[in-house]
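In what follows, a structure is listed as structure tokens, so that the remarks can point back to it.
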Amino acid sequence: MEFTYEPGRLFHETDGIVDAEILFPAILGGAVWSIDHTYVDPELRGQGIAGRMLAEVVDRATKANVQLKPVCTYARQAFFRNPEYQKIAYKD
């Protein structure tokens with residue numbers, strides 16, 4: 001599955017309907033991206049799509065030299081379980 005990138009948003013559409021999306025607006029002057037929302041259509045869940053989207057956001061953040069603040073439940077759990085993600089987590 002290929003995702004479309006827009007600043008602060010990574011998503012996938014099928015026939016014009018968003019079926020997977022992660023939102024990560026820039027905060028604190030752009031030094032941090034806040035992962036506020038992760039969504040995968042119920043029919044697509046269990047395929048690792050949310051994990052792939054989050055991994056892409058982490059990769060983009062690493063390349064952009066910004067920290068990530070996991071706010072939504074999915075992101076918080078993923079950051080808690082993954083020591084690599086914790087390295088770029090924003091601590092307030």
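Order determines the names: the first chain of the structure tokens is A, the second B, and so forth; residues in each chain are numbered 1 upward, and ligands are numbered 1 upward as they are shown.
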Using only C-alpha atoms, determine which residues lie at most 9 Å from range 5-15 of chain A, disregarding the query and same-chain residues fewer than 5 positions distant; provide the list as an mmCIF file with N, CA, C and O atoms, in the first residue's frame.
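File produced: around04.cif:
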data_model
loop_
_atom_site.group_PDB
_atom_site.id
_atom_site.type_symbol
_atom_site.label_atom_id
_atom_site.label_comp_id
_atom_site.auth_asym_id
_atom_site.auth_seq_id
_atom_site.Cartn_x
_atom_site.Cartn_y
_atom_site.Cartn_z
ATOM 1 N N ALA A 20 -7.022 4.988 5.414
ATOM 2 C CA ALA A 20 -5.927 4.927 6.384
ATOM 3 C C ALA A 20 -5.307 6.319 6.472
ATOM 4 O O ALA A 20 -5.116 6.982 5.445
ATOM 5 N N GLU A 21 -5.006 6.741 7.718
ATOM 6 C CA GLU A 21 -4.504 8.105 7.884
ATOM 7 C C GLU A 21 -3.797 8.241 9.229
ATOM 8 O O GLU A 21 -4.200 7.652 10.220
ATOM 9 N N ILE A 22 -2.738 9.032 9.220
ATOM 10 C CA ILE A 22 -2.061 9.415 10.450
ATOM 11 C C ILE A 22 -1.799 10.916 10.352
ATOM 12 O O ILE A 22 -1.348 11.407 9.319
ATOM 13 N N LEU A 23 -2.150 11.640 11.421
ATOM 14 C CA LEU A 23 -1.983 13.092 11.447
ATOM 15 C C LEU A 23 -0.884 13.455 12.436
ATOM 16 O O LEU A 23 -0.872 12.950 13.564
ATOM 17 N N PHE A 24 0.022 14.336 12.004
ATOM 18 C CA PHE A 24 1.154 14.721 12.849
ATOM 19 C C PHE A 24 1.522 16.189 12.609
ATOM 20 O O PHE A 24 2.547 16.508 12.036
ATOM 21 N N PRO A 25 0.669 17.105 13.072
ATOM 22 C CA PRO A 25 0.956 18.529 12.864
ATOM 23 C C PRO A 25 2.221 18.966 13.605
ATOM 24 O O PRO A 25 2.558 18.432 14.664
ATOM 25 N N ALA A 26 2.892 19.954 13.028
ATOM 26 C CA ALA A 26 4.084 20.523 13.650
ATOM 27 C C ALA A 26 3.669 21.412 14.817
ATOM 28 O O ALA A 26 2.693 22.159 14.730
ATOM 29 N N TRP A 33 6.722 17.132 15.963
ATOM 30 C CA TRP A 33 5.484 16.749 15.303
ATOM 31 C C TRP A 33 4.656 15.976 16.317
ATOM 32 O O TRP A 33 5.152 15.040 16.951
ATOM 33 N N SER A 34 3.412 16.367 16.484
ATOM 34 C CA SER A 34 2.514 15.748 17.448
ATOM 35 C C SER A 34 1.631 14.722 16.730
ATOM 36 O O SER A 34 0.791 15.090 15.915
ATOM 37 N N ILE A 35 1.833 13.450 17.029
ATOM 38 C CA ILE A 35 1.040 12.400 16.382
ATOM 39 C C ILE A 35 -0.301 12.337 17.104
ATOM 40 O O ILE A 35 -0.438 11.725 18.156
ATOM 41 N N MET A 53 2.500 3.124 8.500
ATOM 42 C CA MET A 53 2.372 4.582 8.451
ATOM 43 C C MET A 53 3.221 5.226 9.537
ATOM 44 O O MET A 53 3.941 6.193 9.274
ATOM 45 N N GLU A 56 6.860 5.221 8.697
ATOM 46 C CA GLU A 56 7.195 6.237 7.702
ATOM 47 C C GLU A 56 7.278 7.621 8.341
ATOM 48 O O GLU A 56 8.167 8.418 8.012
ATOM 49 N N VAL A 57 6.377 7.924 9.270
ATOM 50 C CA VAL A 57 6.435 9.206 9.974
ATOM 51 C C VAL A 57 7.729 9.298 10.785
ATOM 52 O O VAL A 57 8.406 10.325 10.773
#
- Asp41 in chain A surroundings by only C-alpha atoms, 8 Å radius, close-in-sequence under 3 positions cut, as a PyMOL selection string: chain A and resi 19-20+44-45
- Within 7 Å of range 90-92 of chain A, counting only C-alpha atoms, which residues qualify if same-chain residues fewer than 2 places away don't, as a list in words?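 Here the qualifying residues turn out to be Gln67, Leu68, Lys69 and Ile88 of chain A.
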Atoms to include: N, CA and C atoms. Write the selected residues as an mmCIF file, in the first residue's frame.
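The result, written out as result.cif:
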data_model
loop_
_atom_site.group_PDB
_atom_site.id
_atom_site.type_symbol
_atom_site.label_atom_id
_atom_site.label_comp_id
_atom_site.auth_asym_id
_atom_site.auth_seq_id
_atom_site.Cartn_x
_atom_site.Cartn_y
_atom_site.Cartn_z
ATOM 1 N N GLN A 67 11.573 15.960 16.634
ATOM 2 C CA GLN A 67 11.126 14.973 17.597
ATOM 3 C C GLN A 67 9.638 14.696 17.380
ATOM 4 N N LEU A 68 9.186 13.572 17.904
ATOM 5 C CA LEU A 68 7.788 13.193 17.784
ATOM 6 C C LEU A 68 7.155 13.115 19.170
ATOM 7 N N LYS A 69 5.946 13.642 19.268
ATOM 8 C CA LYS A 69 5.180 13.567 20.505
ATOM 9 C C LYS A 69 3.979 12.646 20.256
ATOM 10 N N ILE A 88 13.563 9.329 19.553
ATOM 11 C CA ILE A 88 13.180 10.615 18.967
ATOM 12 C C ILE A 88 11.909 11.176 19.601
#
- Using DSSP on the backbone, list every residue of range 51-81 of chain A that comes out as helix (DSSP H, G or I), and give them as a list in words.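 DSSP-assigned helix (DSSP H, G or I) residues in range 51-81 of chain A: Gly51, Arg52, Met53, Leu54, Ala55, Glu56, Val57, Val58, Asp59, Arg60, Ala61, Thr62, Lys63, Ala64, Thr73, Tyr74, Ala75, Arg76, Gln77, Ala78, Phe79, Phe80 and Arg81 of chain A.
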- Quick one, how far is CA of Val32 in chain A from CA of Gly46 in chain A?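 We find that CA of Val32 in chain A and CA of Gly46 in chain A lie 28.8 Å from each other.
Note that CA of Ala55 in chain A and CA of Gln77 in chain A are 13.5 Å apart.
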- All strand (DSSP E) residues (DSSP, backbone) inside chain A, as number ranges by chain: A: 4-6, 9-14, 17-23, 26-27, 32-35, 37-40, 67-70
Okay, now the selection with N, CA and C atoms, as an mmCIF file, in the first residue's frame?
data_model
loop_
_atom_site.group_PDB
_atom_site.id
_atom_site.type_symbol
_atom_site.label_atom_id
_atom_site.label_comp_id
_atom_site.auth_asym_id
_atom_site.auth_seq_id
_atom_site.Cartn_x
_atom_site.Cartn_y
_atom_site.Cartn_z
ATOM 1 N N THR A 4 0.097 8.646 0.606
ATOM 2 C CA THR A 4 0.280 10.002 0.098
ATOM 3 C C THR A 4 0.719 10.877 1.263
ATOM 4 N N TYR A 5 1.741 11.685 1.022
ATOM 5 C CA TYR A 5 2.260 12.568 2.070
ATOM 6 C C TYR A 5 1.825 14.002 1.809
ATOM 7 N N GLU A 6 1.372 14.644 2.856
ATOM 8 C CA GLU A 6 1.160 16.086 2.894
ATOM 9 C C GLU A 6 1.781 16.523 4.217
ATOM 10 N N ARG A 9 0.466 15.061 7.502
ATOM 11 C CA ARG A 9 -0.519 14.024 7.196
ATOM 12 C C ARG A 9 0.052 12.988 6.235
ATOM 13 N N LEU A 10 -0.235 11.724 6.537
ATOM 14 C CA LEU A 10 0.108 10.614 5.660
ATOM 15 C C LEU A 10 -1.172 9.795 5.531
ATOM 16 N N PHE A 11 -1.571 9.446 4.302
ATOM 17 C CA PHE A 11 -2.853 8.773 4.147
ATOM 18 C C PHE A 11 -2.906 7.910 2.897
ATOM 19 N N HIS A 12 -3.952 7.095 2.848
ATOM 20 C CA HIS A 12 -4.238 6.269 1.679
ATOM 21 C C HIS A 12 -5.718 6.418 1.361
ATOM 22 N N GLU A 13 -6.022 6.518 0.082
ATOM 23 C CA GLU A 13 -7.410 6.610 -0.376
ATOM 24 C C GLU A 13 -7.718 5.486 -1.343
ATOM 25 N N THR A 14 -8.948 5.039 -1.284
ATOM 26 C CA THR A 14 -9.463 4.096 -2.274
ATOM 27 C C THR A 14 -10.740 4.711 -2.833
ATOM 28 N N ILE A 17 -11.993 7.794 -1.036
ATOM 29 C CA ILE A 17 -12.342 7.678 0.388
ATOM 30 C C ILE A 17 -11.088 7.322 1.181
ATOM 31 N N VAL A 18 -10.808 8.105 2.220
ATOM 32 C CA VAL A 18 -9.640 7.847 3.061
ATOM 33 C C VAL A 18 -9.892 6.575 3.870
ATOM 34 N N ASP A 19 -9.009 5.582 3.702
ATOM 35 C CA ASP A 19 -9.158 4.347 4.459
ATOM 36 C C ASP A 19 -8.009 4.105 5.436
ATOM 37 N N ALA A 20 -7.022 4.988 5.414
ATOM 38 C CA ALA A 20 -5.927 4.927 6.384
ATOM 39 C C ALA A 20 -5.307 6.319 6.472
ATOM 40 N N GLU A 21 -5.006 6.741 7.718
ATOM 41 C CA GLU A 21 -4.504 8.105 7.884
ATOM 42 C C GLU A 21 -3.797 8.241 9.229
ATOM 43 N N ILE A 22 -2.738 9.032 9.220
ATOM 44 C CA ILE A 22 -2.061 9.415 10.450
ATOM 45 C C ILE A 22 -1.799 10.916 10.352
ATOM 46 N N LEU A 23 -2.150 11.640 11.421
ATOM 47 C CA LEU A 23 -1.983 13.092 11.447
ATOM 48 C C LEU A 23 -0.884 13.455 12.436
ATOM 49 N N ALA A 26 2.892 19.954 13.028
ATOM 50 C CA ALA A 26 4.084 20.523 13.650
ATOM 51 C C ALA A 26 3.669 21.412 14.817
ATOM 52 N N ILE A 27 4.415 21.308 15.913
ATOM 53 C CA ILE A 27 4.185 22.155 17.083
ATOM 54 C C ILE A 27 5.531 22.704 17.546
ATOM 55 N N VAL A 32 8.868 19.852 16.711
ATOM 56 C CA VAL A 32 8.205 18.626 17.158
ATOM 57 C C VAL A 32 6.976 18.397 16.285
ATOM 58 N N TRP A 33 6.722 17.132 15.963
ATOM 59 C CA TRP A 33 5.484 16.749 15.303
ATOM 60 C C TRP A 33 4.656 15.976 16.317
ATOM 61 N N SER A 34 3.412 16.367 16.484
ATOM 62 C CA SER A 34 2.514 15.748 17.448
ATOM 63 C C SER A 34 1.631 14.722 16.730
ATOM 64 N N ILE A 35 1.833 13.450 17.029
ATOM 65 C CA ILE A 35 1.040 12.400 16.382
ATOM 66 C C ILE A 35 -0.301 12.337 17.104
ATOM 67 N N HIS A 37 -3.504 11.512 15.681
ATOM 68 C CA HIS A 37 -4.603 10.672 15.205
ATOM 69 C C HIS A 37 -4.066 9.605 14.267
ATOM 70 N N THR A 38 -4.490 8.374 14.498
ATOM 71 C CA THR A 38 -4.166 7.267 13.598
ATOM 72 C C THR A 38 -5.473 6.530 13.310
ATOM 73 N N TYR A 39 -5.743 6.315 12.028
ATOM 74 C CA TYR A 39 -6.987 5.649 11.641
ATOM 75 C C TYR A 39 -6.718 4.642 10.526
ATOM 76 N N VAL A 40 -7.305 3.466 10.673
ATOM 77 C CA VAL A 40 -7.322 2.465 9.608
ATOM 78 C C VAL A 40 -8.751 1.929 9.548
ATOM 79 N N GLN A 67 11.573 15.960 16.634
ATOM 80 C CA GLN A 67 11.126 14.973 17.597
ATOM 81 C C GLN A 67 9.638 14.696 17.380
ATOM 82 N N LEU A 68 9.186 13.572 17.904
ATOM 83 C CA LEU A 68 7.788 13.193 17.784
ATOM 84 C C LEU A 68 7.155 13.115 19.170
ATOM 85 N N LYS A 69 5.946 13.642 19.268
ATOM 86 C CA LYS A 69 5.180 13.567 20.505
ATOM 87 C C LYS A 69 3.979 12.646 20.256
ATOM 88 N N PRO A 70 4.038 11.407 20.759
ATOM 89 C CA PRO A 70 2.923 10.483 20.541
ATOM 90 C C PRO A 70 1.747 10.846 21.439
#
- Val66 in chain A proximity check over A:Pro42, A:Arg81, A:Ala31, A:Leu54, using only C-alpha atoms: winner is A:Ala31
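The nearest approach to Ala75 in chain A among the residues A:Lys87, A:Gly48, A:Asp36, A:Ala61, with only C-alpha atoms taken into account, belongs to A:Asp36.
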- Query: What is the distance between CA of Gly51 in chain A and CA of Ala78 in chain A, in Å to one decimal?
  - Reply: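 Between CA of Gly51 in chain A and CA of Ala78 in chain A the gap is 8.2 Å.
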